[in-house]
file work-v3.pdb (PDB, C-alpha atoms)
ATOM      1  CA  MET A   1     -47.990 -13.071   5.298  1.00  0.00           C
ATOM      2  CA  ARG A   2     -50.611 -13.657   7.986  1.00  0.00           C
ATOM      3  CA  ARG A   3     -48.962 -11.121  10.318  1.00  0.00           C
ATOM      4  CA  ILE A   4     -48.866  -8.474   7.617  1.00  0.00           C
ATOM      5  CA  LEU A   5     -52.542  -8.941   6.811  1.00  0.00           C
ATOM      6  CA  MET A   6     -53.542  -8.737  10.442  1.00  0.00           C
ATOM      7  CA  ALA A   7     -51.357  -5.715  11.066  1.00  0.00           C
ATOM      8  CA  THR A   8     -52.859  -4.061   8.012  1.00  0.00           C
ATOM      9  CA  ALA A   9     -56.376  -4.729   9.256  1.00  0.00           C
ATOM     10  CA  GLY A  10     -55.465  -3.365  12.670  1.00  0.00           C
ATOM     11  CA  ALA A  11     -53.850  -0.312  11.105  1.00  0.00           C
ATOM     12  CA  ALA A  12     -56.964   0.312   9.042  1.00  0.00           C
ATOM     13  CA  MET A  13     -59.143   0.253  12.146  1.00  0.00           C
ATOM     14  CA  LEU A  14     -56.778   2.488  14.065  1.00  0.00           C
ATOM     15  CA  ALA A  15     -56.457   4.880  11.152  1.00  0.00           C
ATOM     16  CA  ALA A  16     -60.232   5.226  10.990  1.00  0.00           C
ATOM     17  CA  VAL A  17     -60.292   6.150  14.661  1.00  0.00           C
ATOM     18  CA  TRP A  18     -57.220   8.328  14.961  1.00  0.00           C
ATOM     19  CA  ALA A  19     -56.874   9.921  11.574  1.00  0.00           C
ATOM     20  CA  PRO A  20     -60.236  10.708   9.944  1.00  0.00           C
ATOM     21  CA  ALA A  21     -58.499  13.049   7.511  1.00  0.00           C
ATOM     22  CA  ALA A  22     -56.257  10.231   6.338  1.00  0.00           C
ATOM     23  CA  SER A  23     -59.309   8.033   5.816  1.00  0.00           C
ATOM     24  CA  ALA A  24     -60.925  10.757   3.755  1.00  0.00           C
ATOM     25  CA  GLN A  25     -57.763  11.154   1.660  1.00  0.00           C
ATOM     26  CA  HIS A  26     -57.614   7.428   1.114  1.00  0.00           C
ATOM     27  CA  GLY A  27     -61.163   7.360  -0.214  1.00  0.00           C
ATOM     28  CA  GLN A  28     -60.267  10.061  -2.760  1.00  0.00           C
ATOM     29  CA  GLY A  29     -56.997   8.455  -3.765  1.00  0.00           C
ATOM     30  CA  TYR A  30     -53.717   9.263  -2.101  1.00  0.00           C
ATOM     31  CA  ALA A  31     -50.827  11.022  -3.758  1.00  0.00           C
ATOM     32  CA  PRO A  32     -47.665  11.218  -1.640  1.00  0.00           C
ATOM     33  CA  PRO A  33     -45.804  14.513  -1.486  1.00  0.00           C
ATOM     34  CA  GLU A  34     -43.015  15.001  -3.982  1.00  0.00           C
ATOM     35  CA  SER A  35     -40.292  14.796  -1.348  1.00  0.00           C
ATOM     36  CA  GLY A  36     -39.934  12.996   1.965  1.00  0.00           C
ATOM     37  CA  SER A  37     -42.169  10.275   3.311  1.00  0.00           C
ATOM     38  CA  THR A  38     -45.568  10.312   4.885  1.00  0.00           C
ATOM     39  CA  SER A  39     -47.795   8.052   6.948  1.00  0.00           C
ATOM     40  CA  LEU A  40     -51.135   7.012   5.505  1.00  0.00           C
ATOM     41  CA  GLN A  41     -52.467   7.028   9.066  1.00  0.00           C
ATOM     42  CA  GLY A  42     -51.783  10.748   9.484  1.00  0.00           C
ATOM     43  CA  ASP A  43     -50.438  12.075  12.760  1.00  0.00           C
ATOM     44  CA  THR A  44     -50.298   9.141  15.171  1.00  0.00           C
ATOM     45  CA  LYS A  45     -48.652  11.103  17.999  1.00  0.00           C
ATOM     46  CA  ALA A  46     -51.954  11.784  19.784  1.00  0.00           C
ATOM     47  CA  TRP A  47     -52.658   8.091  20.225  1.00  0.00           C
ATOM     48  CA  SER A  48     -49.099   6.818  20.608  1.00  0.00           C
ATOM     49  CA  ASP A  49     -48.359   9.279  23.419  1.00  0.00           C
ATOM     50  CA  ASN A  50     -51.641   8.483  25.169  1.00  0.00           C
ATOM     51  CA  PRO A  51     -51.087   6.696  28.501  1.00  0.00           C
ATOM     52  CA  HIS A  52     -53.969   4.326  27.725  1.00  0.00           C
ATOM     53  CA  MET A  53     -52.109   2.940  24.705  1.00  0.00           C
ATOM     54  CA  HIS A  54     -49.055   2.422  26.902  1.00  0.00           C
ATOM     55  CA  ALA A  55     -51.321   0.608  29.374  1.00  0.00           C
ATOM     56  CA  PHE A  56     -52.615  -1.575  26.533  1.00  0.00           C
ATOM     57  CA  TYR A  57     -49.024  -2.415  25.575  1.00  0.00           C
ATOM     58  CA  ASP A  58     -48.232  -3.297  29.209  1.00  0.00           C
ATOM     59  CA  LEU A  59     -51.338  -5.497  29.418  1.00  0.00           C
ATOM     60  CA  THR A  60     -50.417  -7.209  26.161  1.00  0.00           C
ATOM     61  CA  ARG A  61     -46.846  -7.856  27.323  1.00  0.00           C
ATOM     62  CA  GLN A  62     -48.087  -9.285  30.631  1.00  0.00           C
ATOM     63  CA  THR A  63     -50.674 -11.454  28.881  1.00  0.00           C
ATOM     64  CA  LEU A  64     -48.829 -12.600  25.753  1.00  0.00           C
ATOM     65  CA  GLY A  65     -45.165 -11.977  26.501  1.00  0.00           C
ATOM     66  CA  LYS A  66     -42.364 -14.163  27.782  1.00  0.00           C
ATOM     67  CA  ASN A  67     -43.192 -16.044  30.969  1.00  0.00           C
ATOM     68  CA  ALA A  68     -46.887 -15.128  30.714  1.00  0.00           C
ATOM     69  CA  PRO A  69     -49.338 -17.597  32.198  1.00  0.00           C
ATOM     70  CA  PRO A  70     -51.527 -19.618  29.824  1.00  0.00           C
ATOM     71  CA  LEU A  71     -53.715 -17.296  27.793  1.00  0.00           C
ATOM     72  CA  ASP A  72     -57.181 -16.522  29.132  1.00  0.00           C
ATOM     73  CA  PHE A  73     -58.366 -14.773  25.993  1.00  0.00           C
ATOM     74  CA  ALA A  74     -61.731 -13.679  27.417  1.00  0.00           C
ATOM     75  CA  ALA A  75     -59.983 -11.926  30.314  1.00  0.00           C
ATOM     76  CA  TYR A  76     -57.439 -10.298  27.967  1.00  0.00           C
ATOM     77  CA  ARG A  77     -60.205  -9.081  25.663  1.00  0.00           C
ATOM     78  CA  GLU A  78     -62.255  -7.637  28.533  1.00  0.00           C
ATOM     79  CA  LYS A  79     -59.231  -5.885  30.066  1.00  0.00           C
ATOM     80  CA  SER A  80     -58.361  -4.534  26.604  1.00  0.00           C
ATOM     81  CA  TYR A  81     -61.912  -3.264  26.146  1.00  0.00           C
ATOM     82  CA  ALA A  82     -61.758  -1.505  29.531  1.00  0.00           C
ATOM     83  CA  ILE A  83     -58.606   0.293  28.366  1.00  0.00           C
ATOM     84  CA  PHE A  84     -60.208   1.091  25.000  1.00  0.00           C
ATOM     85  CA  ARG A  85     -63.206   2.637  26.784  1.00  0.00           C
ATOM     86  CA  THR A  86     -61.075   5.007  28.859  1.00  0.00           C
ATOM     87  CA  PHE A  87     -58.902   5.690  25.820  1.00  0.00           C
ATOM     88  CA  GLY A  88     -61.987   6.606  23.792  1.00  0.00           C
ATOM     89  CA  VAL A  89     -63.183   9.083  26.375  1.00  0.00           C
ATOM     90  CA  SER A  90     -59.678  10.596  26.601  1.00  0.00           C
ATOM     91  CA  MET A  91     -59.732  11.092  22.810  1.00  0.00           C
ATOM     92  CA  GLY A  92     -63.178  12.719  22.828  1.00  0.00           C
ATOM     93  CA  MET A  93     -65.068   9.659  21.544  1.00  0.00           C
ATOM     94  CA  SER A  94     -67.710   7.559  23.200  1.00  0.00           C
ATOM     95  CA  ALA A  95     -66.373   4.673  25.237  1.00  0.00           C
ATOM     96  CA  GLU A  96     -68.392   2.064  23.365  1.00  0.00           C
ATOM     97  CA  GLY A  97     -67.609   3.695  20.030  1.00  0.00           C
ATOM     98  CA  MET A  98     -63.922   3.144  20.649  1.00  0.00           C
ATOM     99  CA  VAL A  99     -64.501  -0.471  21.653  1.00  0.00           C
ATOM    100  CA  ASP A 100     -66.487  -0.970  18.466  1.00  0.00           C
ATOM    101  CA  HIS A 101     -63.605   0.417  16.396  1.00  0.00           C
ATOM    102  CA  LEU A 102     -60.926  -1.648  18.148  1.00  0.00           C
ATOM    103  CA  LYS A 103     -62.859  -4.810  19.010  1.00  0.00           C
ATOM    104  CA  ASP A 104     -60.789  -7.099  16.768  1.00  0.00           C
ATOM    105  CA  ILE A 105     -57.391  -5.852  17.927  1.00  0.00           C
ATOM    106  CA  PRO A 106     -56.937  -8.241  20.909  1.00  0.00           C
ATOM    107  CA  ALA A 107     -57.493 -11.355  18.754  1.00  0.00           C
ATOM    108  CA  GLN A 108     -55.253  -9.968  16.034  1.00  0.00           C
ATOM    109  CA  LEU A 109     -52.484  -9.270  18.524  1.00  0.00           C
ATOM    110  CA  VAL A 110     -52.623 -12.849  19.783  1.00  0.00           C
ATOM    111  CA  GLU A 111     -51.884 -14.053  16.243  1.00  0.00           C
ATOM    112  CA  ILE A 112     -49.316 -11.333  15.542  1.00  0.00           C
ATOM    113  CA  VAL A 113     -47.372 -12.166  18.709  1.00  0.00           C
ATOM    114  CA  LYS A 114     -47.489 -15.893  17.890  1.00  0.00           C
ATOM    115  CA  ASP A 115     -45.932 -15.113  14.511  1.00  0.00           C
ATOM    116  CA  ASP A 116     -43.436 -12.541  15.828  1.00  0.00           C
ATOM    117  CA  PRO A 117     -42.855 -12.390  19.604  1.00  0.00           C
ATOM    118  CA  LYS A 118     -40.429  -9.469  19.095  1.00  0.00           C
ATOM    119  CA  VAL A 119     -43.499  -7.259  18.674  1.00  0.00           C
ATOM    120  CA  LEU A 120     -43.542  -7.069  22.470  1.00  0.00           C
ATOM    121  CA  ASP A 121     -39.839  -6.259  22.878  1.00  0.00           C
ATOM    122  CA  SER A 122     -40.536  -2.521  22.811  1.00  0.00           C
ATOM    123  CA  TYR A 123     -43.358  -0.040  22.556  1.00  0.00           C
ATOM    124  CA  ALA A 124     -41.934   1.034  19.191  1.00  0.00           C
ATOM    125  CA  ASN A 125     -42.291  -2.529  17.848  1.00  0.00           C
ATOM    126  CA  PHE A 126     -45.817  -2.694  19.263  1.00  0.00           C
ATOM    127  CA  LYS A 127     -46.802   0.537  17.493  1.00  0.00           C
ATOM    128  CA  VAL A 128     -45.522  -0.822  14.184  1.00  0.00           C
ATOM    129  CA  ALA A 129     -47.587  -3.994  14.674  1.00  0.00           C
ATOM    130  CA  LEU A 130     -50.692  -1.862  15.259  1.00  0.00           C
ATOM    131  CA  MET A 131     -50.174   0.932  12.753  1.00  0.00           C
ATOM    132  CA  GLY A 132     -47.478  -0.183  10.355  1.00  0.00           C
ATOM    133  CA  PRO A 133     -44.248   1.716   9.843  1.00  0.00           C
ATOM    134  CA  GLU A 134     -44.405   5.479  10.081  1.00  0.00           C
TER     135      GLU A 134
END

call {"tool": "encode", "arguments": {"input": "work-v3.pdb", "output": "structure tokens"}}
result
Amino acid sequence: MRRILMATAGAAMLAAVWAPAASAQHGQGYAPPESGSTSLQGDTKAWSDNPHMHAFYDLTRQTLGKNAPPLDFAAYREKSYAIFRTFGVSMGMSAEGMVDHLKDIPAQLVEIVKDDPKVLDSYANFKVALMGPE
């Protein structure tokens, strides 16, 4: 239950950053299309294909994954924020604006990985932990 709540909170933050249209739809009530499935986060391809998100996954694996040294959370958070800053600029946002949007993600990932280490087995698993299933 804890993992789902944290993933949902992380997905909400990411959705606000990467899919403003989805956020606007959500505020007006969301009605899924009559056929097929859809993601409430909108098109996540722009962020999931971004090399900075892959770098964040790599950092998270190195920091929280198997055989990682004892966690230095402050260092992990600061390295994450550095990635978020460059990611923000690459997505046309301010560096600090992106950090503000994603500031809780490092702490949430620590808890998510404690609950389910398989989150770090693949980038696909990592994306689901951040955004929920597509």

call {"tool": "closest_atom_pairs", "arguments": {"input": "work-v3.pdb", "of": "region 54-96 of chain A", "to": "region 123-126 of chain A", "cutoff": "12 Å", "atoms": "all atoms listed in the file", "output": "JSON lines"}}
result
{"residue": "A:His54", "atom": "CA", "partner": "A:Tyr123", "partner_atom": "CA", "distance": 7.6}
{"residue": "A:Ala55", "atom": "CA", "partner": "A:Tyr123", "partner_atom": "CA", "distance": 10.5}
{"residue": "A:Phe56", "atom": "CA", "partner": "A:Phe126", "partner_atom": "CA", "distance": 10.0}
{"residue": "A:Tyr57", "atom": "CA", "partner": "A:Tyr123", "partner_atom": "CA", "distance": 6.8}
{"residue": "A:Asp58", "atom": "CA", "partner": "A:Tyr123", "partner_atom": "CA", "distance": 8.9}
{"residue": "A:Leu59", "atom": "CA", "partner": "A:Tyr123", "partner_atom": "CA", "distance": 11.9}
{"residue": "A:Thr60", "atom": "CA", "partner": "A:Phe126", "partner_atom": "CA", "distance": 9.4}
{"residue": "A:Arg61", "atom": "CA", "partner": "A:Phe126", "partner_atom": "CA", "distance": 9.6}
{"residue": "A:Gly65", "atom": "CA", "partner": "A:Phe126", "partner_atom": "CA", "distance": 11.8}

call {"tool": "closest_residue", "arguments": {"input": "work-v3.pdb", "among": "A:Pro69, A:Pro106, A:Glu111, A:Trp47", "to": "Lys127 (chain A)", "atoms": "only C-alpha atoms"}}
result
A:Trp47

call {"tool": "atom_distance", "arguments": {"input": "work-v3.pdb", "atom1": "CA of Arg85 (chain A)", "atom2": "CA of Gly97 (chain A)"}}
result
8.1 Å

call {"tool": "decode", "arguments": {"input": "work-v3.pdb", "residues": "region 44-94 of chain A", "atoms": "N, CA and C atoms", "output": "PDB file, in the first residue's frame"}}
result
ATOM      1  N   THR A  44       4.063  10.368 -22.321  1.00  0.00           N
ATOM      2  CA  THR A  44       5.249  10.367 -21.474  1.00  0.00           C
ATOM      3  C   THR A  44       6.532  10.131 -22.260  1.00  0.00           C
ATOM      4  N   LYS A  45       6.427   9.972 -23.569  1.00  0.00           N
ATOM      5  CA  LYS A  45       7.597   9.655 -24.397  1.00  0.00           C
ATOM      6  C   LYS A  45       8.680  10.729 -24.298  1.00  0.00           C
ATOM      7  N   ALA A  46       8.286  11.993 -24.263  1.00  0.00           N
ATOM      8  CA  ALA A  46       9.266  13.080 -24.215  1.00  0.00           C
ATOM      9  C   ALA A  46      10.169  12.967 -22.988  1.00  0.00           C
ATOM     10  N   TRP A  47       9.600  12.607 -21.854  1.00  0.00           N
ATOM     11  CA  TRP A  47      10.451  12.489 -20.669  1.00  0.00           C
ATOM     12  C   TRP A  47      11.117  11.139 -20.593  1.00  0.00           C
ATOM     13  N   SER A  48      10.433  10.061 -20.976  1.00  0.00           N
ATOM     14  CA  SER A  48      11.020   8.736 -20.819  1.00  0.00           C
ATOM     15  C   SER A  48      12.178   8.497 -21.783  1.00  0.00           C
ATOM     16  N   ASP A  49      12.165   9.170 -22.927  1.00  0.00           N
ATOM     17  CA  ASP A  49      13.267   9.044 -23.879  1.00  0.00           C
ATOM     18  C   ASP A  49      14.407  10.021 -23.578  1.00  0.00           C
ATOM     19  N   ASN A  50      14.203  10.917 -22.648  1.00  0.00           N
ATOM     20  CA  ASN A  50      15.198  11.940 -22.343  1.00  0.00           C
ATOM     21  C   ASN A  50      16.412  11.300 -21.660  1.00  0.00           C
ATOM     22  N   PRO A  51      17.608  11.593 -22.142  1.00  0.00           N
ATOM     23  CA  PRO A  51      18.811  10.985 -21.545  1.00  0.00           C
ATOM     24  C   PRO A  51      19.004  11.344 -20.074  1.00  0.00           C
ATOM     25  N   HIS A  52      18.439  12.457 -19.627  1.00  0.00           N
ATOM     26  CA  HIS A  52      18.576  12.824 -18.217  1.00  0.00           C
ATOM     27  C   HIS A  52      17.770  11.883 -17.318  1.00  0.00           C
ATOM     28  N   MET A  53      16.637  11.402 -17.797  1.00  0.00           N
ATOM     29  CA  MET A  53      15.864  10.439 -17.008  1.00  0.00           C
ATOM     30  C   MET A  53      16.580   9.093 -16.957  1.00  0.00           C
ATOM     31  N   HIS A  54      17.254   8.736 -18.049  1.00  0.00           N
ATOM     32  CA  HIS A  54      18.068   7.518 -18.026  1.00  0.00           C
ATOM     33  C   HIS A  54      19.232   7.690 -17.050  1.00  0.00           C
ATOM     34  N   ALA A  55      19.814   8.877 -17.001  1.00  0.00           N
ATOM     35  CA  ALA A  55      20.892   9.149 -16.052  1.00  0.00           C
ATOM     36  C   ALA A  55      20.375   9.068 -14.613  1.00  0.00           C
ATOM     37  N   PHE A  56      19.162   9.538 -14.382  1.00  0.00           N
ATOM     38  CA  PHE A  56      18.571   9.454 -13.047  1.00  0.00           C
ATOM     39  C   PHE A  56      18.338   7.987 -12.660  1.00  0.00           C
ATOM     40  N   TYR A  57      17.899   7.187 -13.594  1.00  0.00           N
ATOM     41  CA  TYR A  57      17.738   5.747 -13.345  1.00  0.00           C
ATOM     42  C   TYR A  57      19.099   5.129 -12.993  1.00  0.00           C
ATOM     43  N   ASP A  58      20.121   5.449 -13.783  1.00  0.00           N
ATOM     44  CA  ASP A  58      21.461   4.898 -13.519  1.00  0.00           C
ATOM     45  C   ASP A  58      21.949   5.310 -12.130  1.00  0.00           C
ATOM     46  N   LEU A  59      21.775   6.584 -11.787  1.00  0.00           N
ATOM     47  CA  LEU A  59      22.162   7.059 -10.458  1.00  0.00           C
ATOM     48  C   LEU A  59      21.405   6.294  -9.372  1.00  0.00           C
ATOM     49  N   THR A  60      20.124   6.108  -9.570  1.00  0.00           N
ATOM     50  CA  THR A  60      19.300   5.429  -8.578  1.00  0.00           C
ATOM     51  C   THR A  60      19.723   3.970  -8.425  1.00  0.00           C
ATOM     52  N   ARG A  61      20.013   3.312  -9.529  1.00  0.00           N
ATOM     53  CA  ARG A  61      20.506   1.922  -9.457  1.00  0.00           C
ATOM     54  C   ARG A  61      21.820   1.854  -8.704  1.00  0.00           C
ATOM     55  N   GLN A  62      22.743   2.771  -9.012  1.00  0.00           N
ATOM     56  CA  GLN A  62      24.054   2.772  -8.356  1.00  0.00           C
ATOM     57  C   GLN A  62      23.932   3.073  -6.863  1.00  0.00           C
ATOM     58  N   THR A  63      22.967   3.902  -6.507  1.00  0.00           N
ATOM     59  CA  THR A  63      22.821   4.351  -5.125  1.00  0.00           C
ATOM     60  C   THR A  63      21.967   3.408  -4.280  1.00  0.00           C
ATOM     61  N   LEU A  64      20.920   2.852  -4.876  1.00  0.00           N
ATOM     62  CA  LEU A  64      19.955   2.058  -4.111  1.00  0.00           C
ATOM     63  C   LEU A  64      19.909   0.585  -4.505  1.00  0.00           C
ATOM     64  N   GLY A  65      20.591   0.233  -5.573  1.00  0.00           N
ATOM     65  CA  GLY A  65      20.500  -1.120  -6.105  1.00  0.00           C
ATOM     66  C   GLY A  65      21.347  -2.133  -5.359  1.00  0.00           C
ATOM     67  N   LYS A  66      21.357  -3.339  -5.902  1.00  0.00           N
ATOM     68  CA  LYS A  66      22.144  -4.429  -5.328  1.00  0.00           C
ATOM     69  C   LYS A  66      23.607  -4.013  -5.249  1.00  0.00           C
ATOM     70  N   ASN A  67      24.235  -4.391  -4.163  1.00  0.00           N
ATOM     71  CA  ASN A  67      25.658  -4.130  -3.933  1.00  0.00           C
ATOM     72  C   ASN A  67      25.997  -2.642  -3.820  1.00  0.00           C
ATOM     73  N   ALA A  68      25.021  -1.795  -3.620  1.00  0.00           N
ATOM     74  CA  ALA A  68      25.288  -0.366  -3.434  1.00  0.00           C
ATOM     75  C   ALA A  68      25.905  -0.155  -2.050  1.00  0.00           C
ATOM     76  N   PRO A  69      26.740   0.844  -1.932  1.00  0.00           N
ATOM     77  CA  PRO A  69      27.280   1.158  -0.603  1.00  0.00           C
ATOM     78  C   PRO A  69      26.166   1.678   0.298  1.00  0.00           C
ATOM     79  N   PRO A  70      26.426   1.817   1.589  1.00  0.00           N
ATOM     80  CA  PRO A  70      25.399   2.383   2.475  1.00  0.00           C
ATOM     81  C   PRO A  70      24.900   3.722   1.933  1.00  0.00           C
ATOM     82  N   LEU A  71      23.618   3.940   2.079  1.00  0.00           N
ATOM     83  CA  LEU A  71      22.981   5.125   1.504  1.00  0.00           C
ATOM     84  C   LEU A  71      23.466   6.409   2.167  1.00  0.00           C
ATOM     85  N   ASP A  72      23.936   7.328   1.339  1.00  0.00           N
ATOM     86  CA  ASP A  72      24.197   8.712   1.744  1.00  0.00           C
ATOM     87  C   ASP A  72      23.079   9.510   1.076  1.00  0.00           C
ATOM     88  N   PHE A  73      21.964   9.654   1.784  1.00  0.00           N
ATOM     89  CA  PHE A  73      20.792  10.256   1.164  1.00  0.00           C
ATOM     90  C   PHE A  73      21.054  11.682   0.693  1.00  0.00           C
ATOM     91  N   ALA A  74      21.763  12.474   1.464  1.00  0.00           N
ATOM     92  CA  ALA A  74      22.026  13.863   1.059  1.00  0.00           C
ATOM     93  C   ALA A  74      22.769  13.908  -0.277  1.00  0.00           C
ATOM     94  N   ALA A  75      23.738  13.025  -0.453  1.00  0.00           N
ATOM     95  CA  ALA A  75      24.481  12.988  -1.720  1.00  0.00           C
ATOM     96  C   ALA A  75      23.576  12.538  -2.866  1.00  0.00           C
ATOM     97  N   TYR A  76      22.741  11.513  -2.620  1.00  0.00           N
ATOM     98  CA  TYR A  76      21.811  11.040  -3.645  1.00  0.00           C
ATOM     99  C   TYR A  76      20.846  12.147  -4.045  1.00  0.00           C
ATOM    100  N   ARG A  77      20.304  12.843  -3.062  1.00  0.00           N
ATOM    101  CA  ARG A  77      19.357  13.926  -3.348  1.00  0.00           C
ATOM    102  C   ARG A  77      20.034  15.028  -4.164  1.00  0.00           C
ATOM    103  N   GLU A  78      21.231  15.424  -3.782  1.00  0.00           N
ATOM    104  CA  GLU A  78      21.915  16.501  -4.513  1.00  0.00           C
ATOM    105  C   GLU A  78      22.280  16.086  -5.940  1.00  0.00           C
ATOM    106  N   LYS A  79      22.721  14.848  -6.122  1.00  0.00           N
ATOM    107  CA  LYS A  79      23.011  14.356  -7.473  1.00  0.00           C
ATOM    108  C   LYS A  79      21.725  14.282  -8.300  1.00  0.00           C
ATOM    109  N   SER A  80      20.638  13.864  -7.661  1.00  0.00           N
ATOM    110  CA  SER A  80      19.334  13.819  -8.343  1.00  0.00           C
ATOM    111  C   SER A  80      18.931  15.221  -8.771  1.00  0.00           C
ATOM    112  N   TYR A  81      19.066  16.179  -7.873  1.00  0.00           N
ATOM    113  CA  TYR A  81      18.692  17.560  -8.179  1.00  0.00           C
ATOM    114  C   TYR A  81      19.530  18.120  -9.334  1.00  0.00           C
ATOM    115  N   ALA A  82      20.806  17.755  -9.382  1.00  0.00           N
ATOM    116  CA  ALA A  82      21.652  18.207 -10.502  1.00  0.00           C
ATOM    117  C   ALA A  82      21.105  17.658 -11.822  1.00  0.00           C
ATOM    118  N   ILE A  83      20.694  16.403 -11.821  1.00  0.00           N
ATOM    119  CA  ILE A  83      20.094  15.812 -13.025  1.00  0.00           C
ATOM    120  C   ILE A  83      18.779  16.502 -13.342  1.00  0.00           C
ATOM    121  N   PHE A  84      17.955  16.746 -12.325  1.00  0.00           N
ATOM    122  CA  PHE A  84      16.665  17.405 -12.544  1.00  0.00           C
ATOM    123  C   PHE A  84      16.854  18.797 -13.145  1.00  0.00           C
ATOM    124  N   ARG A  85      17.904  19.505 -12.708  1.00  0.00           N
ATOM    125  CA  ARG A  85      18.154  20.845 -13.261  1.00  0.00           C
ATOM    126  C   ARG A  85      18.446  20.777 -14.755  1.00  0.00           C
ATOM    127  N   THR A  86      19.341  19.876 -15.150  1.00  0.00           N
ATOM    128  CA  THR A  86      19.673  19.779 -16.580  1.00  0.00           C
ATOM    129  C   THR A  86      18.485  19.223 -17.369  1.00  0.00           C
ATOM    130  N   PHE A  87      17.731  18.331 -16.742  1.00  0.00           N
ATOM    131  CA  PHE A  87      16.522  17.814 -17.375  1.00  0.00           C
ATOM    132  C   PHE A  87      15.532  18.955 -17.613  1.00  0.00           C
ATOM    133  N   GLY A  88      15.337  19.785 -16.612  1.00  0.00           N
ATOM    134  CA  GLY A  88      14.405  20.911 -16.744  1.00  0.00           C
ATOM    135  C   GLY A  88      14.756  21.809 -17.906  1.00  0.00           C
ATOM    136  N   VAL A  89      16.011  22.166 -18.000  1.00  0.00           N
ATOM    137  CA  VAL A  89      16.459  23.027 -19.099  1.00  0.00           C
ATOM    138  C   VAL A  89      16.216  22.328 -20.436  1.00  0.00           C
ATOM    139  N   SER A  90      16.502  21.010 -20.495  1.00  0.00           N
ATOM    140  CA  SER A  90      16.315  20.277 -21.753  1.00  0.00           C
ATOM    141  C   SER A  90      14.844  20.213 -22.162  1.00  0.00           C
ATOM    142  N   MET A  91      13.946  20.350 -21.184  1.00  0.00           N
ATOM    143  CA  MET A  91      12.503  20.294 -21.453  1.00  0.00           C
ATOM    144  C   MET A  91      11.894  21.689 -21.567  1.00  0.00           C
ATOM    145  N   GLY A  92      12.747  22.720 -21.576  1.00  0.00           N
ATOM    146  CA  GLY A  92      12.253  24.085 -21.744  1.00  0.00           C
ATOM    147  C   GLY A  92      11.722  24.722 -20.471  1.00  0.00           C
ATOM    148  N   MET A  93      12.046  24.157 -19.313  1.00  0.00           N
ATOM    149  CA  MET A  93      11.643  24.729 -18.031  1.00  0.00           C
ATOM    150  C   MET A  93      12.859  25.348 -17.356  1.00  0.00           C
ATOM    151  N   SER A  94      12.602  26.071 -16.280  1.00  0.00           N
ATOM    152  CA  SER A  94      13.733  26.570 -15.505  1.00  0.00           C
ATOM    153  C   SER A  94      14.320  25.406 -14.705  1.00  0.00           C
TER     154      SER A  94
END
